[in-house]
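With compact mmCIF, C-alpha atoms and all ligand atoms inside, this is target-v6.txt:
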```txt
# COMPACT_ATOMS: atom_id res chain seq x y z
CA MET G 1 -24.69 13.81 17.79
CA THR G 2 -28.40 13.73 17.13
CA SER G 3 -30.41 10.55 16.96
CA GLN G 4 -32.90 9.87 14.28
CA ASP G 5 -35.28 7.51 12.55
CA LEU G 6 -34.26 4.99 9.91
CA MET G 7 -35.63 1.81 8.36
CA ILE G 8 -33.18 -0.88 7.32
CA LYS G 9 -34.83 -3.19 4.79
CA ASN G 10 -33.75 -6.75 3.95
CA ALA G 11 -31.20 -7.05 6.72
CA HIS G 12 -29.23 -10.28 7.06
CA VAL G 13 -28.15 -9.97 10.69
CA VAL G 14 -25.28 -12.02 12.15
CA GLY G 15 -24.07 -11.87 15.74
CA PRO G 16 -25.53 -12.81 19.10
CA GLU G 17 -28.87 -12.28 17.34
CA THR G 18 -29.21 -13.84 13.88
CA PHE G 19 -32.21 -13.14 11.66
CA ASN G 20 -33.38 -11.89 8.27
CA GLY G 21 -35.81 -8.99 8.14
CA ASP G 22 -36.33 -5.26 8.52
CA ILE G 23 -35.10 -3.15 11.42
CA ARG G 24 -37.05 -0.08 12.49
CA ILE G 25 -35.07 2.65 14.26
CA GLN G 26 -36.83 5.48 16.10
CA ASN G 27 -35.08 8.19 18.12
CA GLY G 28 -31.81 6.29 17.85
CA ARG G 29 -33.10 2.98 19.16
CA ILE G 30 -34.29 -0.24 17.59
CA THR G 31 -38.05 -0.34 18.08
CA ALA G 32 -39.16 -3.16 15.77
CA ILE G 33 -37.76 -6.17 13.93
CA GLY G 34 -39.83 -8.12 11.41
CA THR G 35 -40.61 -8.92 7.82
CA ASP G 36 -42.09 -6.29 5.52
CA LEU G 37 -42.36 -3.64 8.23
CA PRO G 38 -44.30 -0.60 6.95
CA VAL G 39 -42.24 2.57 6.48
CA ALA G 40 -43.63 5.75 8.00
CA ALA G 41 -43.76 8.75 5.67
CA GLY G 42 -40.53 10.73 5.78
CA THR G 43 -38.45 7.95 7.31
CA PRO G 44 -35.24 7.33 5.35
CA VAL G 45 -34.73 3.75 4.12
CA TYR G 46 -31.46 1.83 3.78
CA ASP G 47 -31.74 -1.29 1.62
CA ALA G 48 -29.27 -3.84 3.00
CA ALA G 49 -30.09 -6.58 0.47
CA GLY G 50 -27.05 -8.73 -0.28
CA ARG G 51 -25.09 -7.28 2.66
CA THR G 52 -24.49 -8.49 6.19
CA VAL G 53 -25.60 -6.43 9.18
CA LEU G 54 -23.53 -6.69 12.37
CA PRO G 55 -23.75 -4.98 15.74
CA GLY G 56 -21.44 -1.95 15.64
CA LEU G 57 -17.85 -2.91 16.40
CA VAL G 58 -16.25 -1.81 19.68
CA ASP G 59 -12.55 -0.93 20.09
CA VAL G 60 -11.44 -0.25 23.65
CA HIS G 61 -7.92 0.89 22.70
CA VAL G 62 -7.33 3.76 20.25
CA HIS G 63 -5.01 6.78 20.13
CA PHE G 64 -6.52 9.95 18.66
CA ARG G 65 -3.56 12.30 19.47
CA ASP G 66 -5.96 15.14 20.23
CA PRO G 67 -5.08 17.52 21.81
CA GLY G 68 -1.39 18.02 21.23
CA GLN G 69 -0.43 16.03 18.14
CA THR G 70 -3.23 16.80 15.73
CA ALA G 71 -0.94 16.45 12.70
CA LYS G 72 -1.07 12.69 13.46
CA GLU G 73 -4.85 12.44 14.08
CA THR G 74 -7.78 14.33 15.56
CA ILE G 75 -10.91 13.17 17.32
CA ALA G 76 -12.78 14.02 14.10
CA THR G 77 -10.49 12.08 11.73
CA GLY G 78 -9.92 9.20 14.13
CA SER G 79 -13.61 8.72 14.82
CA LYS G 80 -14.39 8.95 11.10
CA ALA G 81 -11.75 6.26 10.51
CA ALA G 82 -13.52 4.21 13.17
CA ALA G 83 -16.83 4.60 11.35
CA HIS G 84 -15.17 3.61 8.06
CA GLY G 85 -13.87 0.46 9.76
CA GLY G 86 -17.33 -0.46 11.07
CA PHE G 87 -16.74 0.70 14.65
CA THR G 88 -19.51 2.54 16.47
CA THR G 89 -17.84 2.75 19.90
CA VAL G 90 -14.19 3.41 20.73
CA VAL G 91 -12.29 4.22 23.91
CA ALA G 92 -9.42 6.68 23.58
CA MET G 93 -6.18 6.47 25.53
CA PRO G 94 -5.07 9.51 27.57
CA ASN G 95 -1.47 9.82 26.33
CA VAL G 96 -2.26 13.14 24.66
CA THR G 97 -0.73 16.55 25.33
CA PRO G 98 -1.54 17.79 27.89
CA VAL G 99 -2.24 14.52 29.71
CA PRO G 100 -5.77 14.97 31.15
CA ASP G 101 -4.63 14.40 34.74
CA ASN G 102 -6.63 17.32 36.18
CA ALA G 103 -10.35 18.05 36.13
CA ALA G 104 -10.13 21.01 33.74
CA ASP G 105 -8.15 19.25 31.01
CA LEU G 106 -10.23 16.10 31.41
CA ALA G 107 -13.52 17.99 31.18
CA ALA G 108 -12.32 19.70 28.00
CA LEU G 109 -11.34 16.37 26.44
CA LEU G 110 -14.61 14.67 27.39
CA ALA G 111 -16.53 17.57 25.86
CA LYS G 112 -14.48 17.43 22.66
CA ASN G 113 -15.00 13.66 22.33
CA LYS G 114 -18.75 14.30 22.35
CA GLN G 115 -18.63 17.30 20.05
CA ALA G 116 -16.13 16.06 17.43
CA GLY G 117 -16.65 12.30 17.56
CA VAL G 118 -18.82 10.85 14.77
CA VAL G 119 -19.02 7.58 16.74
CA HIS G 120 -19.26 7.12 20.52
CA VAL G 121 -15.84 8.16 21.84
CA HIS G 122 -15.28 7.11 25.45
CA GLN G 123 -12.19 8.03 27.40
CA TRP G 124 -9.57 6.36 29.58
CA ALA G 125 -8.15 8.74 32.21
CA PRO G 126 -4.54 8.42 33.34
CA ILE G 127 -3.65 6.41 36.43
CA THR G 128 -0.95 8.84 37.53
CA ASP G 129 -0.12 12.50 36.90
CA ALA G 130 1.64 12.95 33.55
CA LEU G 131 1.58 9.13 33.09
CA ARG G 132 5.13 8.67 34.35
CA SER G 133 4.83 9.93 37.93
CA ASP G 134 3.79 7.97 41.03
CA ARG G 135 1.12 10.52 42.04
CA LEU G 136 -2.32 8.96 41.62
CA VAL G 137 -5.12 10.97 40.03
CA ASP G 138 -8.50 11.48 41.73
CA PHE G 139 -10.19 8.25 40.66
CA GLU G 140 -13.57 8.98 42.30
CA GLN G 141 -13.84 12.45 40.78
CA PHE G 142 -12.77 11.38 37.28
CA LYS G 143 -15.12 8.39 37.32
CA LYS G 144 -17.99 10.72 38.27
CA MET G 145 -17.00 12.98 35.37
CA GLY G 146 -17.66 10.08 33.01
CA VAL G 147 -14.41 8.30 32.16
CA LEU G 148 -14.63 4.60 31.36
CA GLY G 149 -11.63 3.71 33.51
CA PHE G 150 -7.94 4.37 34.04
CA SER G 151 -4.82 3.62 31.99
CA ASN G 152 -1.28 4.92 31.57
CA ASP G 153 -1.11 3.28 28.15
CA GLY G 154 2.12 4.08 26.38
CA VAL G 155 4.10 3.31 29.50
CA GLY G 156 3.89 0.64 32.16
CA VAL G 157 3.42 1.49 35.84
CA GLN G 158 6.96 0.73 36.98
CA HIS G 159 6.57 0.64 40.77
CA ALA G 160 4.57 -2.13 42.43
CA ALA G 161 3.49 0.09 45.33
CA THR G 162 2.07 2.64 42.89
CA MET G 163 0.22 -0.06 40.97
CA MET G 164 -1.20 -1.66 44.11
CA ALA G 165 -2.46 1.67 45.47
CA ALA G 166 -3.88 2.52 42.04
CA MET G 167 -5.72 -0.79 41.79
CA ALA G 168 -7.23 -0.32 45.25
CA GLY G 169 -8.33 3.22 44.40
CA VAL G 170 -9.69 2.38 40.96
CA HIS G 171 -11.60 -0.58 42.39
CA ALA G 172 -13.09 1.61 45.13
CA ALA G 173 -14.23 4.04 42.40
CA GLY G 174 -16.00 1.17 40.63
CA ALA G 175 -13.87 1.40 37.48
CA PRO G 176 -11.54 -0.89 35.50
CA LEU G 177 -7.78 -0.39 35.17
CA ALA G 178 -6.20 -1.07 31.76
CA ALA G 179 -2.50 -1.80 31.81
CA HIS G 180 0.20 -1.23 29.23
CA ILE G 181 2.52 -3.91 30.56
CA GLU G 182 6.20 -3.19 30.12
CA ASP G 183 9.11 -3.41 32.57
CA GLU G 184 11.46 -0.65 31.48
CA SER G 185 14.42 -2.17 33.31
CA LEU G 186 14.11 -5.20 31.02
CA ARG G 187 13.19 -3.33 27.86
CA GLY G 188 16.44 -1.41 27.52
CA ASN G 189 16.61 0.28 24.14
CA GLY G 190 14.89 -2.55 22.26
CA VAL G 191 13.07 -1.75 19.04
CA MET G 192 11.81 -5.25 18.09
CA ASN G 193 11.41 -8.73 19.52
CA ALA G 194 14.61 -10.18 20.98
CA GLY G 195 15.72 -13.28 19.13
CA PRO G 196 17.35 -14.59 15.96
CA VAL G 197 15.60 -12.10 13.64
CA ALA G 198 16.76 -9.09 15.68
CA ASP G 199 20.25 -10.60 15.82
CA LYS G 200 20.30 -11.07 12.05
CA LEU G 201 19.13 -7.48 11.47
CA GLY G 202 21.56 -6.18 14.08
CA LEU G 203 18.77 -4.47 16.03
CA PRO G 204 18.34 -4.30 19.83
CA GLY G 205 15.60 -6.62 21.11
CA MET G 206 12.91 -6.66 23.81
CA SER G 207 12.43 -10.00 25.56
CA ASN G 208 9.07 -11.63 26.24
CA GLN G 209 9.78 -11.13 29.93
CA THR G 210 9.59 -7.36 29.47
CA GLU G 211 5.84 -7.99 29.27
CA SER G 212 5.25 -11.23 31.17
CA SER G 213 7.20 -10.44 34.34
CA GLN G 214 5.22 -7.24 34.91
CA LEU G 215 1.98 -9.05 34.03
CA ALA G 216 2.75 -11.68 36.70
CA ARG G 217 3.20 -8.87 39.23
CA ASP G 218 -0.01 -7.16 38.14
CA LEU G 219 -2.13 -10.31 38.27
CA ASP G 220 -0.94 -10.95 41.81
CA LEU G 221 -1.84 -7.38 42.78
CA ALA G 222 -5.18 -7.63 40.97
CA ALA G 223 -6.03 -10.78 42.91
CA ALA G 224 -5.19 -8.99 46.17
CA THR G 225 -7.17 -5.82 45.39
CA GLY G 226 -10.14 -7.27 43.48
CA VAL G 227 -9.91 -4.64 40.72
CA HIS G 228 -11.11 -5.32 37.19
CA TYR G 229 -7.68 -5.54 35.54
CA HIS G 230 -7.60 -5.28 31.75
CA ALA G 231 -4.38 -6.41 30.07
CA CYS G 232 -3.64 -4.39 26.94
CA HIS G 233 -2.16 -5.80 23.70
CA ILE G 234 -1.00 -9.22 24.91
CA SER G 235 1.84 -10.50 22.73
CA THR G 236 3.65 -13.44 24.36
CA ARG G 237 2.96 -17.11 25.07
CA GLN G 238 3.99 -16.62 28.71
CA SER G 239 1.38 -13.86 29.09
CA VAL G 240 -1.38 -16.05 27.64
CA ASP G 241 -0.48 -18.79 30.15
CA LEU G 242 -0.48 -16.31 33.04
CA ILE G 243 -3.92 -14.95 32.10
CA ARG G 244 -5.31 -18.46 31.69
CA GLN G 245 -4.11 -19.36 35.20
CA ALA G 246 -5.40 -16.11 36.70
CA LYS G 247 -8.84 -16.60 35.17
CA ALA G 248 -8.94 -20.17 36.49
CA ALA G 249 -8.12 -18.79 39.93
CA GLY G 250 -11.00 -16.32 39.74
CA VAL G 251 -9.05 -13.10 39.23
CA HIS G 252 -11.16 -10.39 37.54
CA VAL G 253 -9.00 -10.06 34.45
CA THR G 254 -9.86 -9.34 30.82
CA ALA G 255 -7.35 -9.16 27.98
CA GLU G 256 -7.07 -7.82 24.47
CA VAL G 257 -4.97 -8.76 21.46
CA THR G 258 -4.30 -6.68 18.35
CA PRO G 259 -4.84 -7.75 14.75
CA HIS G 260 -1.10 -7.36 14.07
CA HIS G 261 -0.08 -9.68 16.89
CA LEU G 262 -2.60 -12.22 15.61
CA LEU G 263 -1.42 -11.99 11.99
CA LEU G 264 2.29 -11.10 11.92
CA GLU G 265 5.49 -12.37 13.53
CA ASP G 266 9.04 -11.12 13.69
CA THR G 267 10.10 -13.28 10.74
CA ASP G 268 7.87 -11.01 8.60
CA ILE G 269 10.41 -8.23 9.23
CA THR G 270 12.79 -8.80 6.36
CA GLY G 271 14.36 -5.36 6.19
CA ASP G 272 14.52 -2.03 7.93
CA ASP G 273 10.82 -1.14 7.58
CA PRO G 274 9.37 0.94 10.45
CA ASN G 275 5.81 -0.11 9.49
CA PHE G 276 6.69 -3.31 11.37
CA LYS G 277 7.78 -1.39 14.49
CA MET G 278 5.27 -1.51 17.32
CA ASN G 279 5.22 -1.89 21.08
CA PRO G 280 4.86 -4.61 22.15
CA PRO G 281 6.79 -5.87 19.15
CA LEU G 282 5.80 -8.59 16.70
CA ARG G 283 6.89 -11.78 18.44
CA SER G 284 7.97 -15.27 17.41
CA HIS G 285 5.90 -17.90 15.63
CA ALA G 286 5.28 -19.72 18.94
CA ASP G 287 4.04 -16.51 20.53
CA ARG G 288 1.72 -15.76 17.63
CA GLN G 289 0.31 -19.29 17.78
CA ALA G 290 -0.30 -18.80 21.52
CA VAL G 291 -2.18 -15.51 21.15
CA VAL G 292 -4.31 -16.96 18.33
CA GLN G 293 -5.12 -19.98 20.50
CA GLY G 294 -5.79 -17.62 23.41
CA LEU G 295 -8.33 -15.68 21.36
CA LEU G 296 -9.97 -18.86 20.05
CA ASP G 297 -10.38 -20.38 23.54
CA GLY G 298 -11.40 -17.09 25.19
CA THR G 299 -8.33 -16.59 27.38
CA LEU G 300 -7.91 -13.37 25.43
CA ASP G 301 -11.38 -11.86 25.51
CA MET G 302 -11.33 -9.33 22.72
CA VAL G 303 -9.61 -7.73 19.77
CA ALA G 304 -8.45 -4.12 20.14
CA THR G 305 -6.56 -2.26 17.42
CA ASP G 306 -4.18 -0.03 19.43
CA HIS G 307 -4.78 2.37 16.49
CA ALA G 308 -1.60 4.48 16.61
CA PRO G 309 -1.41 7.06 13.82
CA HIS G 310 1.84 8.94 13.13
CA THR G 311 3.01 11.49 10.59
CA LEU G 312 5.24 10.29 7.76
CA ALA G 313 8.10 12.19 9.37
CA ASP G 314 7.67 10.43 12.72
CA LYS G 315 7.22 7.03 11.08
CA GLY G 316 9.97 7.49 8.49
CA GLY G 317 13.61 6.70 9.03
CA THR G 318 14.66 3.34 10.36
CA MET G 319 13.57 0.68 12.85
CA ARG G 320 15.93 2.34 15.32
CA THR G 321 14.60 5.89 14.96
CA ALA G 322 10.93 5.63 13.94
CA ALA G 323 7.98 5.95 16.31
CA PHE G 324 6.26 2.78 17.61
CA GLY G 325 2.80 1.80 16.38
CA ILE G 326 0.53 1.32 13.39
CA VAL G 327 -3.00 2.35 12.44
CA GLY G 328 -5.69 -0.30 12.66
CA LEU G 329 -9.26 1.01 12.67
CA GLU G 330 -9.77 0.83 8.89
CA THR G 331 -8.25 -2.63 8.39
CA ALA G 332 -9.03 -4.67 11.54
CA PHE G 333 -12.34 -6.22 10.60
CA ALA G 334 -11.39 -6.99 7.00
CA LEU G 335 -8.07 -8.57 7.96
CA LEU G 336 -9.55 -10.78 10.67
CA TYR G 337 -12.62 -11.67 8.62
CA THR G 338 -10.40 -12.65 5.69
CA ARG G 339 -7.71 -14.53 7.61
CA PHE G 340 -9.84 -16.17 10.30
CA VAL G 341 -13.46 -16.43 9.18
CA ARG G 342 -12.94 -17.10 5.47
CA SER G 343 -10.26 -19.66 6.33
CA ASP G 344 -12.62 -21.39 8.81
CA ARG G 345 -10.55 -20.81 11.94
CA MET G 346 -13.40 -18.86 13.53
CA SER G 347 -17.07 -18.32 12.76
CA LEU G 348 -18.44 -14.88 11.92
CA PRO G 349 -20.52 -14.78 15.15
CA GLU G 350 -17.34 -15.56 17.10
CA LEU G 351 -15.49 -12.69 15.42
CA VAL G 352 -18.43 -10.36 16.11
CA ALA G 353 -18.32 -11.45 19.76
CA ARG G 354 -14.59 -10.68 20.03
CA MET G 355 -14.93 -7.31 18.25
CA SER G 356 -18.26 -6.10 19.64
CA THR G 357 -20.39 -8.03 22.11
CA ILE G 358 -17.65 -9.13 24.51
CA PRO G 359 -15.76 -5.81 24.81
CA ALA G 360 -19.11 -4.05 25.26
CA ALA G 361 -20.13 -6.44 28.03
CA ALA G 362 -16.73 -6.33 29.73
CA PHE G 363 -16.92 -2.54 30.12
CA ASN G 364 -20.70 -2.08 30.47
CA LEU G 365 -20.98 -0.27 27.15
CA PRO G 366 -24.47 -0.26 25.61
CA ALA G 367 -23.45 -2.03 22.38
CA GLY G 368 -23.03 -5.46 20.87
CA HIS G 369 -26.66 -6.45 20.25
CA ILE G 370 -29.26 -5.93 17.54
CA GLN G 371 -32.50 -6.28 19.45
CA ILE G 372 -35.57 -4.26 20.31
CA GLY G 373 -34.71 -1.52 22.80
CA ALA G 374 -30.99 -1.52 21.99
CA PRO G 375 -29.21 1.59 20.70
CA ALA G 376 -29.23 1.56 16.89
CA ASP G 377 -25.46 1.14 16.50
CA LEU G 378 -24.89 -1.13 13.50
CA THR G 379 -22.46 -1.77 10.71
CA ILE G 380 -23.38 -3.06 7.26
CA MET G 381 -20.69 -5.07 5.45
CA ASP G 382 -20.09 -6.39 1.96
CA LEU G 383 -18.43 -9.73 2.74
CA ASP G 384 -18.25 -11.04 -0.83
CA THR G 385 -16.23 -8.58 -2.94
CA PRO G 386 -12.44 -8.70 -2.62
CA TYR G 387 -10.48 -5.44 -2.60
CA GLN G 388 -6.98 -4.21 -1.93
CA ILE G 389 -6.18 -2.29 1.24
CA ASP G 390 -5.47 1.23 -0.03
CA SER G 391 -4.51 4.02 2.37
CA ASN G 392 -5.88 6.56 -0.14
CA THR G 393 -9.36 5.44 0.91
CA TRP G 394 -8.72 6.07 4.61
CA PHE G 395 -10.06 8.84 6.80
CA SER G 396 -7.25 8.47 9.33
CA LYS G 397 -4.37 10.89 8.95
CA GLY G 398 -2.04 7.97 9.60
CA VAL G 399 -0.96 5.71 6.75
CA ASN G 400 1.52 3.70 8.82
CA SER G 401 0.48 0.08 8.22
CA PRO G 402 2.25 -3.06 7.04
CA PHE G 403 -1.02 -4.32 5.51
CA ILE G 404 -1.33 -1.85 2.61
CA GLY G 405 -1.76 -3.71 -0.68
CA GLU G 406 -3.21 -6.88 0.87
CA THR G 407 -6.28 -8.37 -0.74
CA VAL G 408 -9.12 -8.73 1.76
CA TYR G 409 -12.86 -9.26 2.07
CA GLY G 410 -15.14 -7.23 4.34
CA ARG G 411 -15.78 -3.68 3.17
CA THR G 412 -17.95 -1.39 5.25
CA GLN G 413 -21.02 -0.22 3.34
CA ALA G 414 -22.61 1.80 6.11
CA THR G 415 -22.07 2.56 9.76
CA ILE G 416 -25.03 3.67 11.82
CA VAL G 417 -24.70 5.35 15.22
CA ALA G 418 -27.89 6.10 17.15
CA GLY G 419 -29.84 5.75 13.91
CA ARG G 420 -27.64 8.17 11.96
CA LEU G 421 -25.59 7.13 8.93
CA VAL G 422 -22.13 8.29 9.97
CA TYR G 423 -20.44 6.48 7.10
CA ASP G 424 -22.17 5.64 3.82
CA GLN G 425 -20.08 4.03 1.09
CA GLN G 426 -22.63 5.00 -1.58
CA LYS G 427 -22.30 8.69 -0.72
CA GLU G 428 -18.59 8.88 0.12
CA GLY G 429 -17.38 6.56 -2.63
CA HIS G 430 -14.61 5.03 -0.58
ZN ZN G 501 0.18 0.30 24.96
```
How does this structure look as C-alpha cells?
Ligand SMILES: [Zn+2]
Amino acid sequence: MTSQDLMIKNAHVVGPETFNGDIRIQNGRITAIGTDLPVAAGTPVYDAAGRTVLPGLVDVHVHFRDPGQTAKETIATGSKAAAHGGFTTVVAMPNVTPVPDNAADLAALLAKNKQAGVVHVHQWAPITDALRSDRLVDFEQFKKMGVLGFSNDGVGVQHAATMMAAMAGVHAAGAPLAAHIEDESLRGNGVMNAGPVADKLGLPGMSNQTESSQLARDLDLAAATGVHYHACHISTRQSVDLIRQAKAAGVHVTAEVTPHHLLLEDTDITGDDPNFKMNPPLRSHADRQAVVQGLLDGTLDMVATDHAPHTLADKGGTMRTAAFGIVGLETAFALLYTRFVRSDRMSLPELVARMSTIPAAAFNLPAGHIQIGAPADLTIMDLDTPYQIDSNTWFSKGVNSPFIGETVYGRTQATIVAGRLVYDQQKEGH
C-alpha cells in the first residue's frame, strides 16, 4: 500500500494522547499537530468536526481463511472488514490450507498479506508442521522472514515436551508464542460449556479445566523457558486466577479476551442456535464476571476478536454439527464502547488502551499512538448516533454473529492507514 499526505482538521483525539486540533500527515507519518495548521496545495483534507479520533485499533487474533477456504473470507475481504471496524493492524492465524509450515508457503502468504491487505496484516506462523504434529518448524528462519510469532491456534499443543521445546526455540528466535489452550483429552466431543445449560439442552459440554489445566502446564513451562507466552481467548475464572498469579511471579505472559466472552454467557443460549457456538465456549456468569474483572484490572491485557468467518452452510445446522466461531471485526469496538464505556464500567482511553496501545506495545507493533513521528494509522468514530448492527453493511464474507440486530454506538467514519483513507463512510455509504 502506498503512503500519502492528508490533513485532518478539527480532530478530537482520545487515547494515550488527548488533544483537540489538526493533524498533518506527510508520507504516511504524522508530522505536525496544532491548531489551524495551514494546508499545502493539493493535500486532501478530512474534516473530523464532531467525531472522535482514536489511534488505529489493533487485533492480534483474526482468521482470514486465505488460502484454502476463500468462500469464508479472503485477505482482501477480511482486511476491509478490519478497516470498517476501525482496525489498522491485525495479525492473522496460520490455520489456513495449506498450513504455512515451510518457507515457500509462508513466503507466499506473507507476500499476499502485503499485496491484498488494505490494513497492516501481520502473520503468526505455526508452531509445528500441519499444526497437529510434534515436529517444530524452523523458528529462526520464519522469524527472519518476518512473522510476528508462532501459534497453532485452532488446536492446543497436546504434548508437554513439544510445548517446552517450542517455547525454548521460539524464545531463542526472539519471538512470542501464542497459545490456543485446550486439552483434547478433557474436551471430548463438547460443543458448549459444561453445566446446567448444556444439560438442559441435552448437549455435550466442555469443562473449564479443558482450558485451565493446559494453561497451568503452559505457565509453568513459560516460567522455565522465559518465552513471551501469549494466552489466546481466555474464558474461565480459573484461567484468570492462574494468569494473575503468573504475572505476580514475574512470568512473561500476556493474555487476550474476546468481546463475546466479555458480553455473553451460556445462559444466553436458549435454543439450538449455532451463532452461539464458539471455542472456547461461552461460559457461566461467574466466568464472565471474572474475565471482565480481569480486563478491568489488567490481568487480561487486551481485547482480540478471534474473527472466525464461516459460510452459511458451515455455520448452519445445529449446535452439534455447525462450525465453531463467530465474526468480530465489524462489531467489536461498537459493542465494547456501548456496553462498557457508555455504561461507565471503563473509560474511553482505557478501551483504546486495551484495543490498540497495549496490544501494539506487547508485540512491538508501531501503532497505538497519535503523536509526531508515529505512523498515520487512525480511526475516526461517530460515538453519538445509535444504529443497529446489520450484517448487510459488512465487508466480511461471514455473517455468523449473535449480535446482529443489537443497538449500539460507535460507527466508524474513516480508517486511515499510513495516511491513506482505506475506509470512508461518506464514500462507501455503509
Ligand atoms: Zn483459538
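A straight line drawn from atom CA of Lys277 of chain G to atom CA of Asp241 of chain G is 24.8 Å long.
Restricting the calculation to all atoms listed in the file, the smallest distance between ligand ZN 501 (chain G) and any of G:Gly325, G:Gly405, G:Pro176, G:Pro375 is found for G:Gly325.
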Write out as a Markdown table a residue-level contact list of chain G versus ligand ZN 501 (chain G) with cut-off 9 Å: for each qualifying residue the closest pair of atoms and the distance in Å to one decimal, counting all atoms listed in the file, rows sorted by chain and residue number upward.
```
| residue | atom | partner | partner_atom | distance |
| --- | --- | --- | --- | --- |
| G:His61 | CA | G:ZN501 | ZN | 8.4 |
| G:Met93 | CA | G:ZN501 | ZN | 8.9 |
| G:Asn152 | CA | G:ZN501 | ZN | 8.2 |
| G:Asp153 | CA | G:ZN501 | ZN | 4.6 |
| G:Gly154 | CA | G:ZN501 | ZN | 4.5 |
| G:Val155 | CA | G:ZN501 | ZN | 6.7 |
| G:Gly156 | CA | G:ZN501 | ZN | 8.1 |
| G:Ala179 | CA | G:ZN501 | ZN | 7.6 |
| G:His180 | CA | G:ZN501 | ZN | 4.5 |
| G:Ile181 | CA | G:ZN501 | ZN | 7.4 |
| G:Glu182 | CA | G:ZN501 | ZN | 8.7 |
| G:Cys232 | CA | G:ZN501 | ZN | 6.4 |
| G:His233 | CA | G:ZN501 | ZN | 6.7 |
| G:Asn279 | CA | G:ZN501 | ZN | 6.7 |
| G:Pro280 | CA | G:ZN501 | ZN | 7.3 |
| G:Asp306 | CA | G:ZN501 | ZN | 7.0 |
```
Residues of the last selection are to be written out with C-alpha atoms, as a short mmCIF file (atom, residue, chain, number, x, y, z; two decimals), in the coordinates of the input.
```
data_model
loop_
_atom_site.label_atom_id
_atom_site.label_comp_id
_atom_site.auth_asym_id
_atom_site.auth_seq_id
_atom_site.Cartn_x
_atom_site.Cartn_y
_atom_site.Cartn_z
CA HIS G 61 -7.92 0.89 22.70
CA MET G 93 -6.18 6.47 25.53
CA ASN G 152 -1.28 4.92 31.57
CA ASP G 153 -1.11 3.28 28.15
CA GLY G 154 2.12 4.08 26.38
CA VAL G 155 4.10 3.31 29.50
CA GLY G 156 3.89 0.64 32.16
CA ALA G 179 -2.50 -1.80 31.81
CA HIS G 180 0.20 -1.23 29.23
CA ILE G 181 2.52 -3.91 30.56
CA GLU G 182 6.20 -3.19 30.12
CA CYS G 232 -3.64 -4.39 26.94
CA HIS G 233 -2.16 -5.80 23.70
CA ASN G 279 5.22 -1.89 21.08
CA PRO G 280 4.86 -4.61 22.15
CA ASP G 306 -4.18 -0.03 19.43
#
```
### Task
In the coordinates of the file, take the point (-14.9, 18.0, 26.5) and a cut-off of 12 Å; then, counting all atoms listed in the file, name each qualifying protein, DNA or RNA residue as an MDAnalysis selection string.
chainID G and resid 66:67 75 100 103:117 121:123 145:147
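For His261 of chain G, the list of residues within 8 Å, based on all atoms listed in the file and with local chain neighbours fewer than 6 positions off taken out, reads G:Ser235, G:Leu282, G:Arg283, G:Arg288, G:Val291.
Proximity to Arg135 of chain G at 12 Å, evaluated using all atoms listed in the file and with sequence-adjacent residues fewer than 5 positions away removed, yields Asp101, Asn102, Pro126, Ile127, Thr128, Asp129, Ala130, Val157, His159, Ala161, Thr162, Met163, Ala165 and Ala166 of chain G.
Atom pair atom CA of Asp273 of chain G / atom CA of Thr97 of chain G has a distance of 27.6 Å (rounded to one decimal).
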Working from the structure I just supplied, which lacks atoms in segment 312-320 of chain G, can you model N, CA, C and O atoms there and output them as a short mmCIF file (atom, residue, chain, number, x, y, z; two decimals), in the coordinates of the input?
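Final output, rebuild-v3.cif:
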```cif
data_model
loop_
_atom_site.label_atom_id
_atom_site.label_comp_id
_atom_site.auth_asym_id
_atom_site.auth_seq_id
_atom_site.Cartn_x
_atom_site.Cartn_y
_atom_site.Cartn_z
N LEU G 312 4.20 10.95 8.56
CA LEU G 312 5.24 10.29 7.76
C LEU G 312 6.62 10.60 8.33
O LEU G 312 7.50 9.75 8.36
N ALA G 313 6.79 11.82 8.82
CA ALA G 313 8.10 12.19 9.37
C ALA G 313 8.43 11.36 10.60
O ALA G 313 9.55 10.86 10.75
N ASP G 314 7.42 11.19 11.50
CA ASP G 314 7.67 10.43 12.72
C ASP G 314 7.84 8.94 12.43
O ASP G 314 8.49 8.21 13.18
N LYS G 315 7.19 8.46 11.36
CA LYS G 315 7.22 7.03 11.08
C LYS G 315 8.25 6.70 10.00
O LYS G 315 8.44 5.55 9.62
N GLY G 316 8.93 7.73 9.48
CA GLY G 316 9.97 7.49 8.49
C GLY G 316 11.25 7.04 9.17
O GLY G 316 11.26 6.68 10.34
N GLY G 317 12.33 7.08 8.44
CA GLY G 317 13.61 6.70 9.03
C GLY G 317 13.76 5.20 9.11
O GLY G 317 13.36 4.48 8.19
N THR G 318 14.28 4.75 10.24
CA THR G 318 14.66 3.34 10.36
C THR G 318 13.96 2.70 11.55
O THR G 318 13.33 3.40 12.36
N MET G 319 14.10 1.39 11.68
CA MET G 319 13.57 0.68 12.85
C MET G 319 14.12 1.28 14.15
O MET G 319 13.45 1.29 15.17
N ARG G 320 15.35 1.77 14.10
CA ARG G 320 15.93 2.34 15.32
C ARG G 320 15.29 3.69 15.68
O ARG G 320 15.09 3.98 16.86
#
```
